[in-house]
Amino acid sequence: MTVTDDCTQRYPETGISVLIVGAGVAGLMAALECWRNGHDLTNPPGDSFTIGPSATRAFKHWPKLAEENEKIAFVPHLAFYTLSGDRLTEPNHVEYRQDKGSKKVPGQLTRHWRPQLHGILLKQLYAIGISIEYGCRAVEYFERSQTGRAGIILTNGERLEADVVIAADGLRSHSTKVTLGQEIRARPTGQAFYRTAFPVEIAMNDPMVRERFPVVGEKEGPIEFWAGEHYHFLVIRTSDTMSWTLSHKDYESATESWSHQSDPEDVLKITSTIPDWPEVADRLIRLTPKDRLLHFRVMWRDPQPTWVSPAGRIVQIGDAAHTYIPASGNGATQGIEDAVSLATCLRMAGGTEQVPWALRIHNRLRFIRVSCLQKLGLINLKSYSEKPKKDNFTPKGLQYLTAEWIWGHEPETYAEENYSKVLDHLQRGTPFQDTNIPRGHVYRDWTINEMLEIQERGEEIELDGEWE
């Protein structure tokens, strides 16, 4: 948990000072977008993922950032395999799909290495005079309704205040004690995964690994998704990085932490139980540096409709507001969408007095959309867990994740067009219909237990509306 450093300039457009806690993708993007929308950022102290067009579209406001993003993004081919390493499908690009009559240009699915994306976001922040201070842990959030201020308390007792505090500090954020009055309960999914990324030269030292996972094209080889009923093995390599992930059911030694290092020998104990598991995969695992291997326990959390504190001065974004399991394929994208939406709402507010309404409007604009995508994570996980059939394996999850209602959304425009409508909706009870969700979908509150009970009965989760 980190805090961005001091930026002393106050921008006259809004005069709203913003304190951002957390320097992950959501926090860094929030810093950029708040700066662009005229807010004063004051006293604020991996491996790979998919980022959809609804998020990267925001980079157009930062030409240098957009240019750097083009350099680091890669467009992989995706091929499905059995757990014995036999290929089921030919490698193909994953294409985003258009609705009938749509004029939007979808493009192809791209992935980013987490350190590289963080690097270009930091570079852009430094270019505009905002730096990041690491190692400043926020242990408590507070707000003062009488003064219209909020703040955090660091481990050393220092107190930092601003007109708005953005909690982008991820899982188990202390901000929930203010927004919800309690910690969010989490339950195990029964799944954990080993996850790593390391320099490709280390893997290429082994001739069998080098021959099995070559670069195809200019920058990367295909993503190999080895699917089985109880395990998934994902291998990604580019010209400079090798990455693999193994999901499994034995999660007792895992923790929900991105710093829980593990030993490759622990992984080999699991792969030794998988019938016909190929030697080349074990060789790749053995080559993994111990300090680059994480063991992460995947947890469920119910959708939380409230991300804003009672006095309207603290707001959660990214994983602090809505956690996604890896099968959702949308965690980073939705964190960036949050950042863009929130900064736009603060600009629309126009001044500090309207900040509470701006945060509540952002919350209302975003909650149902992210809740729909959280539900997709459950469906996708089951889809990826189905036993693959020879020459006929295309997980249902891919059909959902490439739908236009997901990739075609424009959070800045959506906030601009609907800010006043939602303000009337919240203040006067006028109707408001979300259009950033599947067409025809009528949202109903749901819980993880409810969804899992449906799946345990062997039934499919019903999705009304046009999700695909």
# chains A, B, ... in the order shown; residues from 1 in each chain; ligands from 1

$ residues_around --residues "Asp99 of chain A" --least-positions-apart "4" --cutoff "10 Å" --atoms "only C-alpha atoms" --output "list in words"
Lys103, Lys104, Ala403, Glu404, Trp405, Gly408 and Glu468 of chain A

$ select_by_dssp --residues "segment 122-257 of chain A" --states "helix (DSSP H, G or I)" --output "VMD selection string"
chain A and resid 122 to 127 176 to 179 200 to 204 207 to 212

$ write_last_selection --atoms "N, CA, C and O atoms" --output "short mmCIF file (atom, residue, chain, number, x, y, z; two decimals), in the first residue's frame"
data_model
loop_
_atom_site.label_atom_id
_atom_site.label_comp_id
_atom_site.auth_asym_id
_atom_site.auth_seq_id
_atom_site.Cartn_x
_atom_site.Cartn_y
_atom_site.Cartn_z
N LEU A 122 4.15 5.35 -14.62
CA LEU A 122 5.03 6.13 -13.74
C LEU A 122 5.82 7.17 -14.54
O LEU A 122 5.96 8.32 -14.10
N LYS A 123 6.30 6.77 -15.69
CA LYS A 123 7.06 7.70 -16.53
C LYS A 123 6.21 8.90 -16.91
O LYS A 123 6.69 10.05 -16.89
N GLN A 124 4.94 8.69 -17.22
CA GLN A 124 4.06 9.79 -17.57
C GLN A 124 3.78 10.68 -16.36
O GLN A 124 3.73 11.91 -16.48
N LEU A 125 3.62 10.07 -15.21
CA LEU A 125 3.40 10.85 -13.98
C LEU A 125 4.61 11.73 -13.67
O LEU A 125 4.47 12.91 -13.34
N TYR A 126 5.79 11.16 -13.77
CA TYR A 126 7.00 11.94 -13.51
C TYR A 126 7.13 13.09 -14.51
O TYR A 126 7.59 14.18 -14.17
N ALA A 127 6.70 12.87 -15.77
CA ALA A 127 6.81 13.89 -16.79
C ALA A 127 5.95 15.11 -16.48
O ALA A 127 6.27 16.23 -16.91
N THR A 176 -12.67 0.10 3.85
CA THR A 176 -14.00 -0.47 4.01
C THR A 176 -14.57 -0.22 5.40
O THR A 176 -15.79 -0.23 5.59
N LYS A 177 -13.71 0.02 6.37
CA LYS A 177 -14.20 0.33 7.72
C LYS A 177 -14.95 1.64 7.74
O LYS A 177 -15.79 1.88 8.61
N VAL A 178 -14.65 2.53 6.76
CA VAL A 178 -15.35 3.81 6.66
C VAL A 178 -16.53 3.70 5.70
O VAL A 178 -17.64 4.14 6.01
N THR A 179 -16.31 3.10 4.53
CA THR A 179 -17.38 3.05 3.53
C THR A 179 -18.50 2.09 3.93
O THR A 179 -19.68 2.36 3.70
N VAL A 200 13.37 -14.38 -20.22
CA VAL A 200 13.25 -15.55 -21.08
C VAL A 200 14.58 -16.28 -21.24
O VAL A 200 14.61 -17.50 -21.47
N GLU A 201 15.70 -15.57 -21.07
CA GLU A 201 17.01 -16.21 -21.23
C GLU A 201 17.18 -17.38 -20.26
O GLU A 201 17.85 -18.37 -20.58
N ILE A 202 16.59 -17.26 -19.07
CA ILE A 202 16.71 -18.33 -18.08
C ILE A 202 16.05 -19.60 -18.60
O ILE A 202 16.61 -20.71 -18.51
N ALA A 203 14.86 -19.46 -19.18
CA ALA A 203 14.15 -20.63 -19.70
C ALA A 203 14.83 -21.20 -20.94
O ALA A 203 14.86 -22.42 -21.16
N MET A 204 15.40 -20.33 -21.76
CA MET A 204 16.00 -20.78 -23.02
C MET A 204 17.32 -21.50 -22.82
O MET A 204 17.89 -22.04 -23.77
N PRO A 207 17.48 -26.77 -23.70
CA PRO A 207 17.19 -26.99 -25.13
C PRO A 207 15.78 -27.52 -25.38
O PRO A 207 15.16 -27.18 -26.39
N MET A 208 15.25 -28.36 -24.46
CA MET A 208 13.91 -28.89 -24.66
C MET A 208 12.86 -27.78 -24.53
O MET A 208 11.91 -27.70 -25.32
N VAL A 209 13.05 -26.91 -23.55
CA VAL A 209 12.14 -25.78 -23.36
C VAL A 209 12.26 -24.82 -24.53
O VAL A 209 11.25 -24.31 -25.04
N ARG A 210 13.48 -24.59 -24.97
CA ARG A 210 13.71 -23.66 -26.09
C ARG A 210 13.01 -24.15 -27.36
O ARG A 210 12.41 -23.36 -28.10
N GLU A 211 13.06 -25.44 -27.59
CA GLU A 211 12.44 -26.00 -28.79
C GLU A 211 10.91 -26.00 -28.66
O GLU A 211 10.19 -25.74 -29.63
N ARG A 212 10.40 -26.26 -27.47
CA ARG A 212 8.94 -26.39 -27.26
C ARG A 212 8.22 -25.04 -27.26
O ARG A 212 7.06 -24.94 -27.67
#

$ atom_distance --atom1 "atom CA of His441 of chain A" --atom2 "atom CA of Ala58 of chain A"
26.5 Å

$ residues_around --residues "Leu452 of chain A" --least-positions-apart "4" --cutoff "10 Å" --atoms "only C-alpha atoms" --output "PyMOL selection string"
chain A and resi 189+378-379+447-448+456-459+461

$ atom_distance --atom1 "atom CA of Tyr231 of chain A" --atom2 "atom CA of Asp291 of chain A"
23.3 Å

$ residues_around --residues "segment 329-345 of chain A" --least-positions-apart "2" --cutoff "6 Å" --atoms "only C-alpha atoms" --output "short mmCIF file (atom, residue, chain, number, x, y, z; two decimals) with all heavy atoms, in the first residue's frame"
data_model
loop_
_atom_site.label_atom_id
_atom_site.label_comp_id
_atom_site.auth_asym_id
_atom_site.auth_seq_id
_atom_site.Cartn_x
_atom_site.Cartn_y
_atom_site.Cartn_z
N ALA A 26 -4.87 0.96 -11.07
CA ALA A 26 -5.99 1.87 -10.84
C ALA A 26 -5.52 3.17 -10.21
O ALA A 26 -5.95 4.26 -10.60
CB ALA A 26 -7.03 1.20 -9.95
N MET A 29 -3.44 5.30 -12.78
CA MET A 29 -4.30 5.88 -13.80
C MET A 29 -5.19 6.96 -13.21
O MET A 29 -5.47 7.98 -13.85
CB MET A 29 -5.16 4.79 -14.45
CG MET A 29 -5.79 5.22 -15.76
SD MET A 29 -4.52 5.54 -17.03
CE MET A 29 -5.49 6.45 -18.23
N ALA A 30 -5.64 6.76 -11.97
CA ALA A 30 -6.44 7.80 -11.31
C ALA A 30 -5.63 9.08 -11.15
O ALA A 30 -6.14 10.20 -11.31
CB ALA A 30 -6.93 7.31 -9.95
N GLU A 33 -5.52 10.81 -14.60
CA GLU A 33 -6.80 11.37 -15.02
C GLU A 33 -7.25 12.52 -14.14
O GLU A 33 -7.85 13.49 -14.61
CB GLU A 33 -7.86 10.27 -15.05
CG GLU A 33 -7.66 9.30 -16.21
CD GLU A 33 -7.75 10.00 -17.55
OE1 GLU A 33 -8.83 10.50 -17.91
OE2 GLU A 33 -6.72 10.06 -18.26
N CYS A 34 -6.97 12.44 -12.84
CA CYS A 34 -7.30 13.57 -11.96
C CYS A 34 -6.48 14.79 -12.33
O CYS A 34 -6.98 15.92 -12.35
CB CYS A 34 -7.07 13.19 -10.49
SG CYS A 34 -8.35 12.12 -9.82
N ILE A 51 -5.81 -5.93 -21.03
CA ILE A 51 -6.43 -4.63 -20.84
C ILE A 51 -7.22 -4.31 -22.10
O ILE A 51 -6.65 -4.23 -23.19
CB ILE A 51 -5.40 -3.52 -20.57
CG1 ILE A 51 -4.54 -3.88 -19.36
CG2 ILE A 51 -6.10 -2.19 -20.33
CD1 ILE A 51 -3.49 -2.85 -19.04
N GLY A 52 -8.53 -4.15 -21.94
CA GLY A 52 -9.39 -3.96 -23.09
C GLY A 52 -9.40 -2.55 -23.62
O GLY A 52 -8.93 -1.61 -22.96
N ALA A 55 -10.42 0.59 -21.66
CA ALA A 55 -9.42 1.21 -20.77
C ALA A 55 -8.34 1.93 -21.56
O ALA A 55 -8.03 3.09 -21.31
CB ALA A 55 -8.81 0.15 -19.86
N ILE A 317 -11.75 2.53 -5.50
CA ILE A 317 -11.71 2.14 -6.90
C ILE A 317 -10.88 0.87 -7.04
O ILE A 317 -10.14 0.49 -6.12
CB ILE A 317 -11.14 3.25 -7.82
CG1 ILE A 317 -9.66 3.50 -7.53
CG2 ILE A 317 -11.96 4.52 -7.71
CD1 ILE A 317 -9.00 4.44 -8.55
N GLY A 318 -10.98 0.22 -8.19
CA GLY A 318 -10.21 -0.99 -8.42
C GLY A 318 -10.59 -2.10 -7.45
O GLY A 318 -11.74 -2.22 -7.03
N TYR A 324 -11.94 -9.05 -8.54
CA TYR A 324 -12.22 -9.99 -9.62
C TYR A 324 -11.33 -11.20 -9.47
O TYR A 324 -10.16 -11.08 -9.10
CB TYR A 324 -11.92 -9.35 -10.98
CG TYR A 324 -12.95 -8.33 -11.41
CD1 TYR A 324 -12.77 -6.98 -11.14
CD2 TYR A 324 -14.08 -8.73 -12.10
CE1 TYR A 324 -13.71 -6.05 -11.54
CE2 TYR A 324 -15.03 -7.80 -12.51
CZ TYR A 324 -14.84 -6.47 -12.23
OH TYR A 324 -15.78 -5.54 -12.62
N PRO A 326 -9.23 -14.24 -11.40
CA PRO A 326 -8.51 -14.18 -12.68
C PRO A 326 -9.35 -14.56 -13.89
O PRO A 326 -9.15 -14.01 -14.98
CB PRO A 326 -7.36 -15.17 -12.46
CG PRO A 326 -7.12 -15.13 -10.99
CD PRO A 326 -8.48 -14.97 -10.37
N ALA A 327 -10.31 -15.48 -13.72
CA ALA A 327 -11.12 -15.91 -14.85
C ALA A 327 -11.99 -14.79 -15.41
O ALA A 327 -12.49 -14.90 -16.53
CB ALA A 327 -12.02 -17.09 -14.44
N ARG A 347 -14.50 16.43 -12.22
CA ARG A 347 -14.49 17.62 -13.09
C ARG A 347 -15.90 18.18 -13.26
O ARG A 347 -16.11 19.40 -13.21
CB ARG A 347 -13.90 17.27 -14.45
CG ARG A 347 -14.14 18.35 -15.51
CD ARG A 347 -13.26 18.16 -16.73
NE ARG A 347 -13.38 16.86 -17.35
CZ ARG A 347 -14.35 16.51 -18.21
NH1 ARG A 347 -15.31 17.37 -18.52
NH2 ARG A 347 -14.35 15.30 -18.74
N MET A 348 -16.87 17.30 -13.45
CA MET A 348 -18.25 17.73 -13.63
C MET A 348 -18.79 18.40 -12.38
O MET A 348 -19.65 19.29 -12.45
CB MET A 348 -19.13 16.54 -14.00
CG MET A 348 -18.75 15.83 -15.29
SD MET A 348 -19.05 16.80 -16.77
CE MET A 348 -20.84 16.72 -16.84
N ALA A 358 -20.46 14.02 -6.55
CA ALA A 358 -19.65 13.48 -7.64
C ALA A 358 -19.23 12.04 -7.35
O ALA A 358 -19.28 11.17 -8.23
CB ALA A 358 -18.41 14.36 -7.86
N HIS A 362 -20.45 8.72 -9.47
CA HIS A 362 -19.49 7.76 -10.01
C HIS A 362 -19.84 6.35 -9.54
O HIS A 362 -19.85 5.40 -10.35
CB HIS A 362 -18.08 8.13 -9.56
CG HIS A 362 -17.11 6.99 -9.63
ND1 HIS A 362 -16.56 6.54 -10.81
CD2 HIS A 362 -16.60 6.20 -8.64
CE1 HIS A 362 -15.75 5.52 -10.57
NE2 HIS A 362 -15.76 5.29 -9.26
N PRO A 411 -15.92 5.18 -20.67
CA PRO A 411 -16.29 5.68 -19.34
C PRO A 411 -16.30 7.19 -19.21
O PRO A 411 -17.12 7.74 -18.46
CB PRO A 411 -15.24 5.04 -18.41
CG PRO A 411 -14.11 4.64 -19.30
CD PRO A 411 -14.73 4.30 -20.62
N GLU A 412 -15.41 7.91 -19.91
CA GLU A 412 -15.41 9.37 -19.81
C GLU A 412 -16.69 9.95 -20.44
O GLU A 412 -17.38 10.77 -19.82
CB GLU A 412 -14.18 9.95 -20.50
CG GLU A 412 -14.12 11.48 -20.41
CD GLU A 412 -12.82 12.06 -20.93
OE1 GLU A 412 -12.01 11.30 -21.51
OE2 GLU A 412 -12.59 13.26 -20.74
N ALA A 415 -19.78 9.14 -18.32
CA ALA A 415 -19.92 9.99 -17.13
C ALA A 415 -20.39 11.39 -17.51
O ALA A 415 -21.25 11.98 -16.84
CB ALA A 415 -18.60 10.05 -16.38
#

$ closest_residue --among "A:Ala227, A:Leu19, A:Ala311, A:Leu346" --to "Thr89 of chain A" --atoms "only C-alpha atoms"
A:Ala227

$ closest_residue --among "A:Arg301, A:Ser309, A:Leu376, A:Leu171" --to "Ala150 of chain A" --atoms "only C-alpha atoms"
A:Ser309

$ select_by_dssp --residues "segment 216-400 of chain A" --states "strand (DSSP E or B)" --output "PyMOL selection string"
chain A and resi 216+220+223-227+232-238+241-248+255+261+293-300+308+314-316

$ write_last_selection --atoms "N, CA, C and O atoms" --output "tab-separated table (two decimals), in the first residue's frame"
chain	number	residue	atom	x	y	z
A	216	VAL	N	7.10	-16.95	-32.15
A	216	VAL	CA	6.47	-17.01	-33.47
A	216	VAL	C	6.08	-15.58	-33.83
A	216	VAL	O	5.30	-14.95	-33.13
A	220	GLU	N	6.30	-12.48	-29.88
A	220	GLU	CA	5.83	-13.45	-28.92
A	220	GLU	C	5.46	-14.78	-29.57
A	220	GLU	O	5.21	-14.87	-30.77
A	223	ILE	N	-0.02	-17.98	-26.76
A	223	ILE	CA	-0.42	-18.33	-25.40
A	223	ILE	C	-0.93	-19.77	-25.45
A	223	ILE	O	-1.81	-20.10	-26.25
A	224	GLU	N	-0.37	-20.61	-24.62
A	224	GLU	CA	-0.84	-22.00	-24.53
A	224	GLU	C	-1.67	-22.16	-23.28
A	224	GLU	O	-1.20	-21.93	-22.17
A	225	PHE	N	-2.93	-22.55	-23.47
A	225	PHE	CA	-3.84	-22.77	-22.35
A	225	PHE	C	-4.09	-24.27	-22.24
A	225	PHE	O	-4.80	-24.84	-23.08
A	226	TRP	N	-3.47	-24.91	-21.25
A	226	TRP	CA	-3.65	-26.34	-21.03
A	226	TRP	C	-4.81	-26.51	-20.06
A	226	TRP	O	-4.73	-26.08	-18.90
A	227	ALA	N	-5.89	-27.13	-20.52
A	227	ALA	CA	-7.13	-27.17	-19.74
A	227	ALA	C	-7.45	-28.58	-19.29
A	227	ALA	O	-7.30	-29.54	-20.04
A	232	HIS	N	-5.37	-25.94	-14.61
A	232	HIS	CA	-5.11	-25.17	-15.82
A	232	HIS	C	-3.63	-24.78	-15.80
A	232	HIS	O	-3.11	-24.41	-14.75
A	233	PHE	N	-3.00	-24.85	-16.94
A	233	PHE	CA	-1.60	-24.43	-17.06
A	233	PHE	C	-1.53	-23.46	-18.22
A	233	PHE	O	-1.89	-23.79	-19.34
A	234	LEU	N	-1.09	-22.25	-17.94
A	234	LEU	CA	-1.02	-21.20	-18.94
A	234	LEU	C	0.43	-20.81	-19.16
A	234	LEU	O	1.14	-20.50	-18.21
A	235	VAL	N	0.88	-20.85	-20.41
A	235	VAL	CA	2.27	-20.50	-20.72
A	235	VAL	C	2.27	-19.35	-21.72
A	235	VAL	O	1.60	-19.41	-22.76
A	236	ILE	N	3.01	-18.29	-21.39
A	236	ILE	CA	3.15	-17.14	-22.28
A	236	ILE	C	4.63	-16.83	-22.40
A	236	ILE	O	5.33	-16.75	-21.39
A	237	ARG	N	5.11	-16.61	-23.63
A	237	ARG	CA	6.49	-16.15	-23.78
A	237	ARG	C	6.54	-15.08	-24.87
A	237	ARG	O	5.80	-15.10	-25.85
A	238	THR	N	7.39	-14.11	-24.63
A	238	THR	CA	7.67	-13.09	-25.63
A	238	THR	C	9.18	-13.10	-25.86
A	238	THR	O	9.90	-13.95	-25.34
A	241	THR	N	10.43	-12.23	-22.11
A	241	THR	CA	9.83	-12.71	-20.86
A	241	THR	C	9.19	-14.07	-21.04
A	241	THR	O	8.57	-14.35	-22.05
A	242	MET	N	9.36	-14.92	-20.03
A	242	MET	CA	8.68	-16.22	-19.95
A	242	MET	C	7.75	-16.17	-18.73
A	242	MET	O	8.14	-15.71	-17.66
A	243	SER	N	6.53	-16.67	-18.93
A	243	SER	CA	5.56	-16.64	-17.84
A	243	SER	C	4.74	-17.93	-17.87
A	243	SER	O	4.42	-18.44	-18.94
A	244	TRP	N	4.42	-18.44	-16.68
A	244	TRP	CA	3.50	-19.57	-16.60
A	244	TRP	C	2.65	-19.46	-15.34
A	244	TRP	O	3.05	-18.83	-14.36
A	245	THR	N	1.48	-20.05	-15.41
A	245	THR	CA	0.55	-20.07	-14.28
A	245	THR	C	-0.05	-21.46	-14.17
A	245	THR	O	-0.46	-22.04	-15.18
A	246	LEU	N	-0.09	-22.00	-12.96
A	246	LEU	CA	-0.76	-23.28	-12.72
A	246	LEU	C	-1.84	-23.07	-11.67
A	246	LEU	O	-1.54	-22.70	-10.53
A	247	SER	N	-3.09	-23.29	-12.05
A	247	SER	CA	-4.18	-23.22	-11.07
A	247	SER	C	-4.48	-24.63	-10.59
A	247	SER	O	-4.41	-25.60	-11.35
A	248	HIS	N	-4.83	-24.74	-9.31
A	248	HIS	CA	-5.03	-26.05	-8.72
A	248	HIS	C	-5.98	-25.93	-7.54
A	248	HIS	O	-6.35	-24.84	-7.12
A	255	THR	N	-1.73	-17.95	0.18
A	255	THR	CA	-2.36	-16.82	0.85
A	255	THR	C	-2.79	-15.81	-0.20
A	255	THR	O	-2.29	-15.80	-1.32
A	261	GLN	N	5.99	-15.73	-1.71
A	261	GLN	CA	6.87	-16.49	-2.60
A	261	GLN	C	6.80	-17.98	-2.29
A	261	GLN	O	6.48	-18.39	-1.17
A	293	LEU	N	8.42	-16.65	-8.00
A	293	LEU	CA	7.25	-17.54	-8.02
A	293	LEU	C	6.32	-17.20	-6.86
A	293	LEU	O	6.70	-17.24	-5.70
A	294	LEU	N	5.06	-16.87	-7.18
A	294	LEU	CA	4.05	-16.52	-6.18
A	294	LEU	C	3.01	-17.63	-6.09
A	294	LEU	O	2.68	-18.29	-7.08
A	295	HIS	N	2.48	-17.80	-4.88
A	295	HIS	CA	1.40	-18.76	-4.65
A	295	HIS	C	0.22	-17.98	-4.09
A	295	HIS	O	0.25	-17.53	-2.94
A	296	PHE	N	-0.81	-17.81	-4.90
A	296	PHE	CA	-1.91	-16.90	-4.58
A	296	PHE	C	-3.20	-17.69	-4.37
A	296	PHE	O	-3.61	-18.49	-5.22
A	297	ARG	N	-3.85	-17.42	-3.27
A	297	ARG	CA	-5.13	-18.07	-2.95
A	297	ARG	C	-6.27	-17.19	-3.47
A	297	ARG	O	-6.36	-16.00	-3.12
A	298	VAL	N	-7.14	-17.75	-4.27
A	298	VAL	CA	-8.22	-16.98	-4.88
A	298	VAL	C	-9.44	-17.00	-3.95
A	298	VAL	O	-9.90	-18.06	-3.54
A	299	MET	N	-9.95	-15.81	-3.65
A	299	MET	CA	-11.07	-15.65	-2.72
A	299	MET	C	-12.27	-15.02	-3.42
A	299	MET	O	-12.13	-14.23	-4.35
A	300	TRP	N	-13.47	-15.38	-2.95
A	300	TRP	CA	-14.70	-14.75	-3.43
A	300	TRP	C	-15.07	-13.59	-2.50
A	300	TRP	O	-14.89	-13.67	-1.29
A	308	VAL	N	-18.49	4.59	-1.30
A	308	VAL	CA	-18.30	5.98	-0.86
A	308	VAL	C	-18.61	6.09	0.63
A	308	VAL	O	-19.57	5.51	1.12
A	314	ILE	N	-14.46	9.99	0.78
A	314	ILE	CA	-13.58	8.86	0.53
A	314	ILE	C	-14.28	7.95	-0.48
A	314	ILE	O	-15.47	7.64	-0.34
A	315	VAL	N	-13.55	7.50	-1.50
A	315	VAL	CA	-14.12	6.62	-2.51
A	315	VAL	C	-13.13	5.52	-2.85
A	315	VAL	O	-11.93	5.74	-2.93
A	316	GLN	N	-13.65	4.32	-3.04
A	316	GLN	CA	-12.82	3.17	-3.41
A	316	GLN	C	-12.87	2.96	-4.92
A	316	GLN	O	-13.92	3.15	-5.55

$ atom_distance --atom1 "atom CA of Arg149 of chain A" --atom2 "atom CA of Asp163 of chain A"
4.8 Å

$ residues_around --residues "Ser84 of chain A" --least-positions-apart "6" --cutoff "9 Å" --atoms "only C-alpha atoms" --output "list in words"
Trp226, Ile274, Pro275, Asp276, Trp277 and Pro278 of chain A

$ residues_around --residues "Leu109 of chain A" --least-positions-apart "4" --cutoff "10 Å" --atoms "only C-alpha atoms" --output "list in words"
Thr50, Ile51, Gly52, Pro53, Ala73, Phe74, Val75, Pro76, His77, His93, Val94, Glu95, Tyr96, Leu401, Thr402 and Trp407 of chain A

$ closest_residue --among "A:Lys100, A:Arg360, A:Arg111, A:Arg286" --to "His425 of chain A" --atoms "only C-alpha atoms"
A:Arg360

$ closest_residue --among "A:Pro303, A:Gly228, A:Gly312, A:Pro264" --to "Leu284 of chain A" --atoms "only C-alpha atoms"
A:Pro264

$ closest_residue --among "A:Pro356, A:Gly351, A:Pro91, A:Gly377" --to "Leu423 of chain A" --atoms "only C-alpha atoms"
A:Pro356

$ closest_residue --among "A:Val25, A:Thr271, A:Asn363, A:Tyr194" --to "Lys290 of chain A" --atoms "only C-alpha atoms"
A:Tyr194
